[in-house]
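The next block is upload04.tsv, given as TSV, N, CA and C atoms.
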chain	number	residue	atom	x	y	z
A	1	GLN	N	108.50	100.50	126.97
A	1	GLN	CA	107.53	101.43	127.52
A	1	GLN	C	106.19	101.19	126.84
A	2	VAL	N	105.14	101.11	127.67
A	2	VAL	CA	103.81	100.83	127.14
A	2	VAL	C	103.27	102.06	126.41
A	3	GLN	N	102.72	101.82	125.24
A	3	GLN	CA	102.05	102.87	124.48
A	3	GLN	C	100.62	102.44	124.19
A	4	LEU	N	99.71	103.35	124.32
A	4	LEU	CA	98.33	103.12	123.93
A	4	LEU	C	97.91	104.30	123.08
A	5	VAL	N	97.64	104.05	121.81
A	5	VAL	CA	97.32	105.12	120.87
A	5	VAL	C	95.89	104.94	120.37
A	6	GLU	N	95.05	105.91	120.69
A	6	GLU	CA	93.65	105.85	120.28
A	6	GLU	C	93.44	106.56	118.95
A	7	SER	N	92.44	106.13	118.24
A	7	SER	CA	92.02	106.80	117.01
A	7	SER	C	90.55	106.47	116.77
A	8	GLY	N	89.95	107.19	115.83
A	8	GLY	CA	88.58	106.89	115.45
A	8	GLY	C	87.54	107.85	115.99
A	9	GLY	N	87.95	108.79	116.81
A	9	GLY	CA	87.00	109.77	117.32
A	9	GLY	C	86.58	110.73	116.22
A	10	GLY	N	85.61	111.56	116.54
A	10	GLY	CA	85.13	112.54	115.57
A	10	GLY	C	83.78	113.07	115.96
A	11	GLU	N	83.15	113.74	115.00
A	11	GLU	CA	81.83	114.30	115.23
A	11	GLU	C	80.81	113.53	114.42
A	12	VAL	N	79.71	113.21	115.05
A	12	VAL	CA	78.67	112.42	114.40
A	12	VAL	C	77.31	112.92	114.86
A	13	GLN	N	76.30	112.72	114.04
A	13	GLN	CA	74.94	113.10	114.41
A	13	GLN	C	74.32	112.06	115.34
A	14	PRO	N	73.33	112.46	116.13
A	14	PRO	CA	72.64	111.48	116.98
A	14	PRO	C	72.14	110.31	116.15
A	15	GLY	N	72.31	109.12	116.70
A	15	GLY	CA	71.94	107.91	115.99
A	15	GLY	C	73.06	107.32	115.15
A	16	GLY	N	74.14	108.05	115.00
A	16	GLY	CA	75.26	107.59	114.20
A	16	GLY	C	76.15	106.62	114.95
A	17	SER	N	77.21	106.19	114.26
A	17	SER	CA	78.13	105.21	114.81
A	17	SER	C	79.58	105.66	114.64
A	18	LEU	N	80.41	105.20	115.54
A	18	LEU	CA	81.86	105.38	115.45
A	18	LEU	C	82.51	104.12	116.00
A	19	ARG	N	83.72	103.83	115.51
A	19	ARG	CA	84.51	102.76	116.09
A	19	ARG	C	85.85	103.34	116.53
A	20	LEU	N	86.10	103.24	117.82
A	20	LEU	CA	87.38	103.68	118.37
A	20	LEU	C	88.37	102.52	118.37
A	21	THR	N	89.62	102.85	118.11
A	21	THR	CA	90.69	101.86	118.11
A	21	THR	C	91.75	102.26	119.12
A	22	CYS	N	92.25	101.29	119.86
A	22	CYS	CA	93.35	101.51	120.79
A	22	CYS	C	94.47	100.54	120.42
A	23	ASP	N	95.56	101.08	119.92
A	23	ASP	CA	96.67	100.26	119.45
A	23	ASP	C	97.82	100.35	120.44
A	24	SER	N	98.19	99.21	121.00
A	24	SER	CA	99.28	99.18	121.97
A	24	SER	C	100.64	99.05	121.30
A	25	LYS	N	100.65	98.97	119.97
A	25	LYS	CA	101.92	98.81	119.23
A	25	LYS	C	102.67	97.58	119.73
A	26	ARG	N	101.89	96.64	120.27
A	26	ARG	CA	102.46	95.41	120.83
A	26	ARG	C	103.43	95.68	121.97
A	27	THR	N	103.22	96.80	122.68
A	27	THR	CA	104.09	97.09	123.83
A	27	THR	C	103.59	96.44	125.10
A	28	ILE	N	102.39	95.81	125.04
A	28	ILE	CA	101.87	95.13	126.20
A	28	ILE	C	101.04	93.94	125.72
A	29	SER	N	101.12	92.86	126.44
A	29	SER	CA	100.34	91.67	126.09
A	29	SER	C	99.86	91.00	127.37
A	30	LEU	N	98.92	90.11	127.21
A	30	LEU	CA	98.39	89.33	128.34
A	30	LEU	C	97.97	90.23	129.50
A	31	ALA	N	97.23	91.28	129.16
A	31	ALA	CA	96.74	92.17	130.20
A	31	ALA	C	95.72	91.45	131.09
A	32	ASN	N	95.63	91.88	132.33
A	32	ASN	CA	94.61	91.35	133.23
A	32	ASN	C	93.23	91.89	132.88
A	33	ALA	N	93.22	93.13	132.41
A	33	ALA	CA	91.96	93.75	132.04
A	33	ALA	C	92.22	94.89	131.07
A	34	MET	N	91.23	95.22	130.29
A	34	MET	CA	91.31	96.35	129.38
A	34	MET	C	89.93	96.99	129.30
A	35	GLY	N	89.89	98.19	128.79
A	35	GLY	CA	88.59	98.82	128.69
A	35	GLY	C	88.67	100.24	128.20
A	36	TRP	N	87.55	100.94	128.38
A	36	TRP	CA	87.44	102.33	127.95
A	36	TRP	C	86.77	103.16	129.04
A	37	TYR	N	87.27	104.36	129.22
A	37	TYR	CA	86.68	105.36	130.09
A	37	TYR	C	86.36	106.58	129.24
A	38	ARG	N	85.55	107.47	129.80
A	38	ARG	CA	85.28	108.73	129.12
A	38	ARG	C	85.14	109.86	130.12
A	39	GLN	N	85.41	111.06	129.64
A	39	GLN	CA	85.27	112.24	130.50
A	39	GLN	C	84.60	113.34	129.70
A	40	ALA	N	83.41	113.71	130.15
A	40	ALA	CA	82.66	114.80	129.53
A	40	ALA	C	83.09	116.11	130.17
A	41	PRO	N	82.88	117.22	129.48
A	41	PRO	CA	83.25	118.53	130.02
A	41	PRO	C	82.60	118.78	131.38
A	42	GLY	N	83.41	119.17	132.35
A	42	GLY	CA	82.90	119.48	133.67
A	42	GLY	C	82.55	118.29	134.53
A	43	LYS	N	82.84	117.09	134.04
A	43	LYS	CA	82.51	115.88	134.79
A	43	LYS	C	83.76	115.06	135.05
A	44	SER	N	83.66	114.17	136.01
A	44	SER	CA	84.79	113.29	136.30
A	44	SER	C	84.83	112.14	135.30
A	45	ARG	N	85.99	111.51	135.19
A	45	ARG	CA	86.14	110.39	134.27
A	45	ARG	C	85.29	109.21	134.76
A	46	GLU	N	84.60	108.56	133.84
A	46	GLU	CA	83.75	107.44	134.21
A	46	GLU	C	84.06	106.21	133.36
A	47	LEU	N	83.83	105.06	133.95
A	47	LEU	CA	84.03	103.80	133.24
A	47	LEU	C	82.95	103.61	132.19
A	48	VAL	N	83.34	103.21	131.00
A	48	VAL	CA	82.39	102.86	129.95
A	48	VAL	C	82.25	101.33	129.89
A	49	VAL	N	83.37	100.65	129.80
A	49	VAL	CA	83.35	99.19	129.71
A	49	VAL	C	84.69	98.66	130.17
A	50	ILE	N	84.65	97.51	130.84
A	50	ILE	CA	85.86	96.81	131.21
A	50	ILE	C	85.72	95.35	130.80
A	51	MET	N	86.79	94.81	130.23
A	51	MET	CA	86.80	93.40	129.84
A	51	MET	C	87.99	92.73	130.52
A	52	ARG	N	87.71	91.71	131.29
A	52	ARG	CA	88.77	91.04	132.05
A	52	ARG	C	89.32	89.86	131.25
A	53	SER	N	90.48	89.40	131.65
A	53	SER	CA	91.12	88.30	130.92
A	53	SER	C	90.28	87.03	130.97
A	54	SER	N	89.38	86.95	131.95
A	54	SER	CA	88.48	85.80	132.05
A	54	SER	C	87.41	85.84	130.97
A	55	GLY	N	87.27	86.98	130.34
A	55	GLY	CA	86.21	87.18	129.36
A	55	GLY	C	85.02	87.94	129.90
A	56	GLU	N	84.97	88.07	131.23
A	56	GLU	CA	83.87	88.80	131.85
A	56	GLU	C	83.94	90.27	131.41
A	57	THR	N	82.79	90.77	130.97
A	57	THR	CA	82.72	92.14	130.46
A	57	THR	C	81.62	92.89	131.19
A	58	THR	N	81.91	94.12	131.59
A	58	THR	CA	80.94	94.95	132.29
A	58	THR	C	80.82	96.28	131.58
A	59	TYR	N	79.60	96.64	131.22
A	59	TYR	CA	79.31	97.92	130.60
A	59	TYR	C	78.56	98.81	131.59
A	60	THR	N	78.82	100.10	131.53
A	60	THR	CA	77.99	101.00	132.30
A	60	THR	C	76.58	100.99	131.72
A	61	ASP	N	75.58	101.20	132.54
A	61	ASP	CA	74.19	101.00	132.11
A	61	ASP	C	73.82	101.84	130.90
A	62	SER	N	74.33	103.04	130.83
A	62	SER	CA	73.89	103.96	129.77
A	62	SER	C	74.34	103.53	128.37
A	63	VAL	N	75.30	102.61	128.27
A	63	VAL	CA	75.78	102.21	126.94
A	63	VAL	C	75.42	100.76	126.60
A	64	LYS	N	74.82	100.05	127.53
A	64	LYS	CA	74.47	98.66	127.27
A	64	LYS	C	73.57	98.55	126.05
A	65	GLY	N	73.90	97.59	125.19
A	65	GLY	CA	73.12	97.38	123.98
A	65	GLY	C	73.51	98.29	122.83
A	66	ARG	N	74.35	99.29	123.10
A	66	ARG	CA	74.78	100.22	122.04
A	66	ARG	C	76.27	100.14	121.77
A	67	PHE	N	77.07	99.90	122.79
A	67	PHE	CA	78.53	99.86	122.66
A	67	PHE	C	79.01	98.41	122.79
A	68	THR	N	80.06	98.08	122.05
A	68	THR	CA	80.65	96.74	122.13
A	68	THR	C	82.16	96.84	122.11
A	69	ILE	N	82.80	96.20	123.08
A	69	ILE	CA	84.26	96.14	123.12
A	69	ILE	C	84.71	94.84	122.47
A	70	SER	N	85.82	94.91	121.76
A	70	SER	CA	86.42	93.71	121.17
A	70	SER	C	87.93	93.91	121.09
A	71	GLU	N	88.63	92.83	120.74
A	71	GLU	CA	90.08	92.95	120.68
A	71	GLU	C	90.65	92.00	119.64
A	72	GLU	N	91.85	92.30	119.22
A	72	GLU	CA	92.65	91.39	118.40
A	72	GLU	C	93.95	91.18	119.17
A	73	PRO	N	94.00	90.16	120.03
A	73	PRO	CA	95.16	89.99	120.91
A	73	PRO	C	96.48	89.88	120.17
A	74	ALA	N	96.48	89.24	119.03
A	74	ALA	CA	97.73	89.04	118.29
A	74	ALA	C	98.32	90.37	117.82
A	75	LEU	N	97.44	91.35	117.65
A	75	LEU	CA	97.89	92.67	117.20
A	75	LEU	C	98.04	93.65	118.35
A	76	GLY	N	97.54	93.28	119.51
A	76	GLY	CA	97.58	94.21	120.64
A	76	GLY	C	96.65	95.39	120.45
A	77	VAL	N	95.50	95.14	119.82
A	77	VAL	CA	94.55	96.21	119.52
A	77	VAL	C	93.21	95.90	120.17
A	78	GLN	N	92.57	96.92	120.70
A	78	GLN	CA	91.20	96.78	121.18
A	78	GLN	C	90.34	97.84	120.51
A	79	TYR	N	89.06	97.53	120.40
A	79	TYR	CA	88.12	98.40	119.71
A	79	TYR	C	86.92	98.70	120.61
A	80	LEU	N	86.29	99.83	120.34
A	80	LEU	CA	85.01	100.14	120.96
A	80	LEU	C	84.07	100.57	119.84
A	81	GLN	N	83.14	99.67	119.52
A	81	GLN	CA	82.12	99.99	118.52
A	81	GLN	C	80.97	100.70	119.23
A	82	MET	N	80.65	101.88	118.77
A	82	MET	CA	79.61	102.69	119.40
A	82	MET	C	78.50	102.96	118.38
A	83	ASN	N	77.33	102.45	118.67
A	83	ASN	CA	76.17	102.63	117.80
A	83	ASN	C	75.10	103.46	118.50
A	84	ASP	N	74.19	104.00	117.72
A	84	ASP	CA	73.07	104.78	118.26
A	84	ASP	C	73.58	105.84	119.23
A	85	LEU	N	74.57	106.58	118.78
A	85	LEU	CA	75.18	107.58	119.65
A	85	LEU	C	74.21	108.70	120.00
A	86	ARG	N	74.37	109.19	121.21
A	86	ARG	CA	73.50	110.24	121.76
A	86	ARG	C	74.33	111.44	122.17
A	87	PRO	N	73.72	112.62	122.25
A	87	PRO	CA	74.50	113.80	122.67
A	87	PRO	C	75.20	113.60	124.01
A	88	GLU	N	74.59	112.85	124.90
A	88	GLU	CA	75.21	112.62	126.22
A	88	GLU	C	76.42	111.69	126.16
A	89	ASP	N	76.70	111.12	125.00
A	89	ASP	CA	77.91	110.33	124.82
A	89	ASP	C	79.12	111.20	124.49
A	90	THR	N	78.88	112.47	124.27
A	90	THR	CA	79.96	113.40	123.96
A	90	THR	C	80.97	113.44	125.11
A	91	ALA	N	82.23	113.16	124.78
A	91	ALA	CA	83.28	113.10	125.80
A	91	ALA	C	84.62	112.81	125.13
A	92	VAL	N	85.67	112.91	125.92
A	92	VAL	CA	86.96	112.38	125.50
A	92	VAL	C	87.02	110.93	125.99
A	93	TYR	N	87.31	110.03	125.08
A	93	TYR	CA	87.35	108.61	125.39
A	93	TYR	C	88.81	108.16	125.52
A	94	TYR	N	89.07	107.41	126.60
A	94	TYR	CA	90.41	106.93	126.90
A	94	TYR	C	90.42	105.40	126.96
A	95	CYS	N	91.37	104.79	126.30
A	95	CYS	CA	91.52	103.36	126.49
A	95	CYS	C	92.42	103.12	127.70
A	96	TRP	N	92.27	101.97	128.28
A	96	TRP	CA	92.89	101.64	129.57
A	96	TRP	C	93.27	100.17	129.57
A	97	VAL	N	94.42	99.89	130.15
A	97	VAL	CA	94.88	98.51	130.29
A	97	VAL	C	95.48	98.34	131.68
A	98	GLU	N	95.20	97.22	132.30
A	98	GLU	CA	95.78	96.91	133.61
A	98	GLU	C	96.51	95.58	133.55
A	99	LYS	N	97.74	95.58	134.08
A	99	LYS	CA	98.52	94.35	134.14
A	99	LYS	C	99.33	94.35	135.41
A	100	TYR	N	99.12	93.33	136.22
A	100	TYR	CA	99.85	93.16	137.48
A	100	TYR	C	99.76	94.40	138.36
A	101	GLY	N	98.59	95.01	138.38
A	101	GLY	CA	98.38	96.17	139.23
A	101	GLY	C	98.82	97.49	138.66
A	102	HIS	N	99.44	97.44	137.50
A	102	HIS	CA	99.86	98.69	136.84
A	102	HIS	C	98.82	99.08	135.81
A	103	GLU	N	98.46	100.37	135.81
A	103	GLU	CA	97.46	100.88	134.88
A	103	GLU	C	98.13	101.75	133.81
A	104	PHE	N	97.64	101.62	132.61
A	104	PHE	CA	98.16	102.39	131.50
A	104	PHE	C	97.00	103.04	130.76
A	105	TRP	N	97.24	104.28	130.30
A	105	TRP	CA	96.18	105.06	129.66
A	105	TRP	C	96.64	105.56	128.30
A	106	GLY	N	95.67	105.68	127.39
A	106	GLY	CA	95.92	106.35	126.14
A	106	GLY	C	95.78	107.85	126.32
A	107	GLN	N	96.01	108.59	125.24
A	107	GLN	CA	96.00	110.05	125.32
A	107	GLN	C	94.59	110.62	125.17
A	108	GLY	N	93.65	109.79	124.75
A	108	GLY	CA	92.27	110.24	124.61
A	108	GLY	C	91.92	110.63	123.19
A	109	THR	N	90.67	110.40	122.83
A	109	THR	CA	90.17	110.82	121.53
A	109	THR	C	88.78	111.42	121.73
A	110	GLN	N	88.52	112.54	121.07
A	110	GLN	CA	87.28	113.28	121.27
A	110	GLN	C	86.16	112.67	120.45
A	111	VAL	N	85.03	112.46	121.09
A	111	VAL	CA	83.80	112.04	120.42
A	111	VAL	C	82.75	113.11	120.69
A	112	THR	N	82.18	113.65	119.63
A	112	THR	CA	81.16	114.68	119.75
A	112	THR	C	79.92	114.23	118.99
A	113	VAL	N	78.80	114.21	119.69
A	113	VAL	CA	77.53	113.82	119.09
A	113	VAL	C	76.64	115.04	119.09
A	114	SER	N	76.36	115.54	117.91
A	114	SER	CA	75.61	116.79	117.80
A	114	SER	C	74.88	116.86	116.47
A	115	SER	N	73.70	117.47	116.51
A	115	SER	CA	72.96	117.68	115.27
A	115	SER	C	73.27	119.06	114.70

How would this structure read if it were set down as structure tokens?
Amino acid sequence: QVQLVESGGGEVQPGGSLRLTCDSKRTISLANAMGWYRQAPGKSRELVVIMRSSGETTYTDSVKGRFTISEEPALGVQYLQMNDLRPEDTAVYYCWVEKYGHEFWGQGTQVTVSS
């Protein structure tokens, strides 16, 4: 059974940084795509970044230049480095993996940006 366990969320001041981790516990490998979504209070879930097995990476415009996705395939771990955080980045962040048309989600981790 696929597991995706997120960590690294928390509260930070505007301009601060956080690094989110998504650990699959090696329950999935060779994904077709992976990425991160977020859901702010009262809003629908939105894509933050997707990275395909080809290496092609797409960021939503609001995080370009501030957020970076990376992975350690041997460990089955992906990261989201978030710099220059803004109050509008406040949301629950979910990691996501797709393989052969099947989608898997983590449980979410809260990120709060507030002064």

Surrounding residues of region 84-95 of chain A excluding itself and chain neighbours under 5 positions, 6 Å, all atoms listed in the file, as a PDB file with N, CA and C atoms, keeping the file's coordinate frame:
ATOM      1  N   GLN A  13      76.300 112.720 114.040  1.00  0.00           N
ATOM      2  CA  GLN A  13      74.940 113.100 114.410  1.00  0.00           C
ATOM      3  C   GLN A  13      74.320 112.060 115.340  1.00  0.00           C
ATOM      4  N   PRO A  14      73.330 112.460 116.130  1.00  0.00           N
ATOM      5  CA  PRO A  14      72.640 111.480 116.980  1.00  0.00           C
ATOM      6  C   PRO A  14      72.140 110.310 116.150  1.00  0.00           C
ATOM      7  N   GLY A  15      72.310 109.120 116.700  1.00  0.00           N
ATOM      8  CA  GLY A  15      71.940 107.910 115.990  1.00  0.00           C
ATOM      9  C   GLY A  15      73.060 107.320 115.150  1.00  0.00           C
ATOM     10  N   GLY A  16      74.140 108.050 115.000  1.00  0.00           N
ATOM     11  CA  GLY A  16      75.260 107.590 114.200  1.00  0.00           C
ATOM     12  C   GLY A  16      76.150 106.620 114.950  1.00  0.00           C
ATOM     13  N   SER A  17      77.210 106.190 114.260  1.00  0.00           N
ATOM     14  CA  SER A  17      78.130 105.210 114.810  1.00  0.00           C
ATOM     15  C   SER A  17      79.580 105.660 114.640  1.00  0.00           C
ATOM     16  N   GLY A  35      89.890  98.190 128.790  1.00  0.00           N
ATOM     17  CA  GLY A  35      88.590  98.820 128.690  1.00  0.00           C
ATOM     18  C   GLY A  35      88.670 100.240 128.200  1.00  0.00           C
ATOM     19  N   TRP A  36      87.550 100.940 128.380  1.00  0.00           N
ATOM     20  CA  TRP A  36      87.440 102.330 127.950  1.00  0.00           C
ATOM     21  C   TRP A  36      86.770 103.160 129.040  1.00  0.00           C
ATOM     22  N   TYR A  37      87.270 104.360 129.220  1.00  0.00           N
ATOM     23  CA  TYR A  37      86.680 105.360 130.090  1.00  0.00           C
ATOM     24  C   TYR A  37      86.360 106.580 129.240  1.00  0.00           C
ATOM     25  N   ARG A  38      85.550 107.470 129.800  1.00  0.00           N
ATOM     26  CA  ARG A  38      85.280 108.730 129.120  1.00  0.00           C
ATOM     27  C   ARG A  38      85.140 109.860 130.120  1.00  0.00           C
ATOM     28  N   GLN A  39      85.410 111.060 129.640  1.00  0.00           N
ATOM     29  CA  GLN A  39      85.270 112.240 130.500  1.00  0.00           C
ATOM     30  C   GLN A  39      84.600 113.340 129.700  1.00  0.00           C
ATOM     31  N   ALA A  40      83.410 113.710 130.150  1.00  0.00           N
ATOM     32  CA  ALA A  40      82.660 114.800 129.530  1.00  0.00           C
ATOM     33  C   ALA A  40      83.090 116.110 130.170  1.00  0.00           C
ATOM     34  N   PRO A  41      82.880 117.220 129.480  1.00  0.00           N
ATOM     35  CA  PRO A  41      83.250 118.530 130.020  1.00  0.00           C
ATOM     36  C   PRO A  41      82.600 118.780 131.380  1.00  0.00           C
ATOM     37  N   ARG A  66      74.350  99.290 123.100  1.00  0.00           N
ATOM     38  CA  ARG A  66      74.780 100.220 122.040  1.00  0.00           C
ATOM     39  C   ARG A  66      76.270 100.140 121.770  1.00  0.00           C
ATOM     40  N   PHE A 104      97.640 101.620 132.610  1.00  0.00           N
ATOM     41  CA  PHE A 104      98.160 102.390 131.500  1.00  0.00           C
ATOM     42  C   PHE A 104      97.000 103.040 130.760  1.00  0.00           C
ATOM     43  N   TRP A 105      97.240 104.280 130.300  1.00  0.00           N
ATOM     44  CA  TRP A 105      96.180 105.060 129.660  1.00  0.00           C
ATOM     45  C   TRP A 105      96.640 105.560 128.300  1.00  0.00           C
ATOM     46  N   GLY A 106      95.670 105.680 127.390  1.00  0.00           N
ATOM     47  CA  GLY A 106      95.920 106.350 126.140  1.00  0.00           C
ATOM     48  C   GLY A 106      95.780 107.850 126.320  1.00  0.00           C
ATOM     49  N   GLN A 107      96.010 108.590 125.240  1.00  0.00           N
ATOM     50  CA  GLN A 107      96.000 110.050 125.320  1.00  0.00           C
ATOM     51  C   GLN A 107      94.590 110.620 125.170  1.00  0.00           C
ATOM     52  N   GLY A 108      93.650 109.790 124.750  1.00  0.00           N
ATOM     53  CA  GLY A 108      92.270 110.240 124.610  1.00  0.00           C
ATOM     54  C   GLY A 108      91.920 110.630 123.190  1.00  0.00           C
ATOM     55  N   THR A 109      90.670 110.400 122.830  1.00  0.00           N
ATOM     56  CA  THR A 109      90.170 110.820 121.530  1.00  0.00           C
ATOM     57  C   THR A 109      88.780 111.420 121.730  1.00  0.00           C
ATOM     58  N   GLN A 110      88.520 112.540 121.070  1.00  0.00           N
ATOM     59  CA  GLN A 110      87.280 113.280 121.270  1.00  0.00           C
ATOM     60  C   GLN A 110      86.160 112.670 120.450  1.00  0.00           C
ATOM     61  N   VAL A 111      85.030 112.460 121.090  1.00  0.00           N
ATOM     62  CA  VAL A 111      83.800 112.040 120.420  1.00  0.00           C
ATOM     63  C   VAL A 111      82.750 113.110 120.690  1.00  0.00           C
ATOM     64  N   THR A 112      82.180 113.650 119.630  1.00  0.00           N
ATOM     65  CA  THR A 112      81.160 114.680 119.750  1.00  0.00           C
ATOM     66  C   THR A 112      79.920 114.230 118.990  1.00  0.00           C
ATOM     67  N   VAL A 113      78.800 114.210 119.690  1.00  0.00           N
ATOM     68  CA  VAL A 113      77.530 113.820 119.090  1.00  0.00           C
ATOM     69  C   VAL A 113      76.640 115.040 119.090  1.00  0.00           C
ATOM     70  N   SER A 114      76.360 115.540 117.910  1.00  0.00           N
ATOM     71  CA  SER A 114      75.610 116.790 117.800  1.00  0.00           C
ATOM     72  C   SER A 114      74.880 116.860 116.470  1.00  0.00           C
TER      73      SER A 114
END

Dig up all the protein and nucleic acid residues within 10 Å of (91.2, 99.8, 128.4) in the file frame, using only C-alpha atoms, and format them as a PyMOL selection string. chain A and resi 4+22+31+33-37+47-52+69+78-80+94-98+103-106

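Reported to one decimal place, the separation of atom N of Thr21 (chain A) from atom C of Glu6 (chain A) is 5.4 Å.
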
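Shortest separation to Val12 (chain A) among A:Gly65, A:Asn32, A:Glu71, A:Ser115 occurs at residue A:Ser115, atoms counted being only N, CA and C atoms.
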
Backbone-only DSSP, strand (DSSP E) members of chain A, as number ranges by chain: A: 5-7, 10-12, 18-23, 33-39, 46-52, 57-59, 67-72, 77-82, 91-99, 102-105, 109-113

If you count only N, CA and C atoms, which residues fall within 6 Å of Val77 (chain A), apart from same-chain ones fewer than 4 positions away, as an NGL selection string? :A and (22-24 or 70-73)

Edge lengths and centre in Å, axis-aligned, region 7-25 of chain A plus 6 Å each side, as JSON:
{"center_x": 87.3, "center_y": 105.9, "center_z": 118.0, "size_x": 42.7, "size_y": 28.7, "size_z": 19.9}

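Atom pair atom N of Glu56 (chain A) / CA of Ala74 (chain A): separated by 18.2 Å.
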
For a test of reading the model, state the distance in Å between atom N of Gln81 (chain A) and atom N of Gly101 (chain A), rounded to one decimal. 24.8 Å
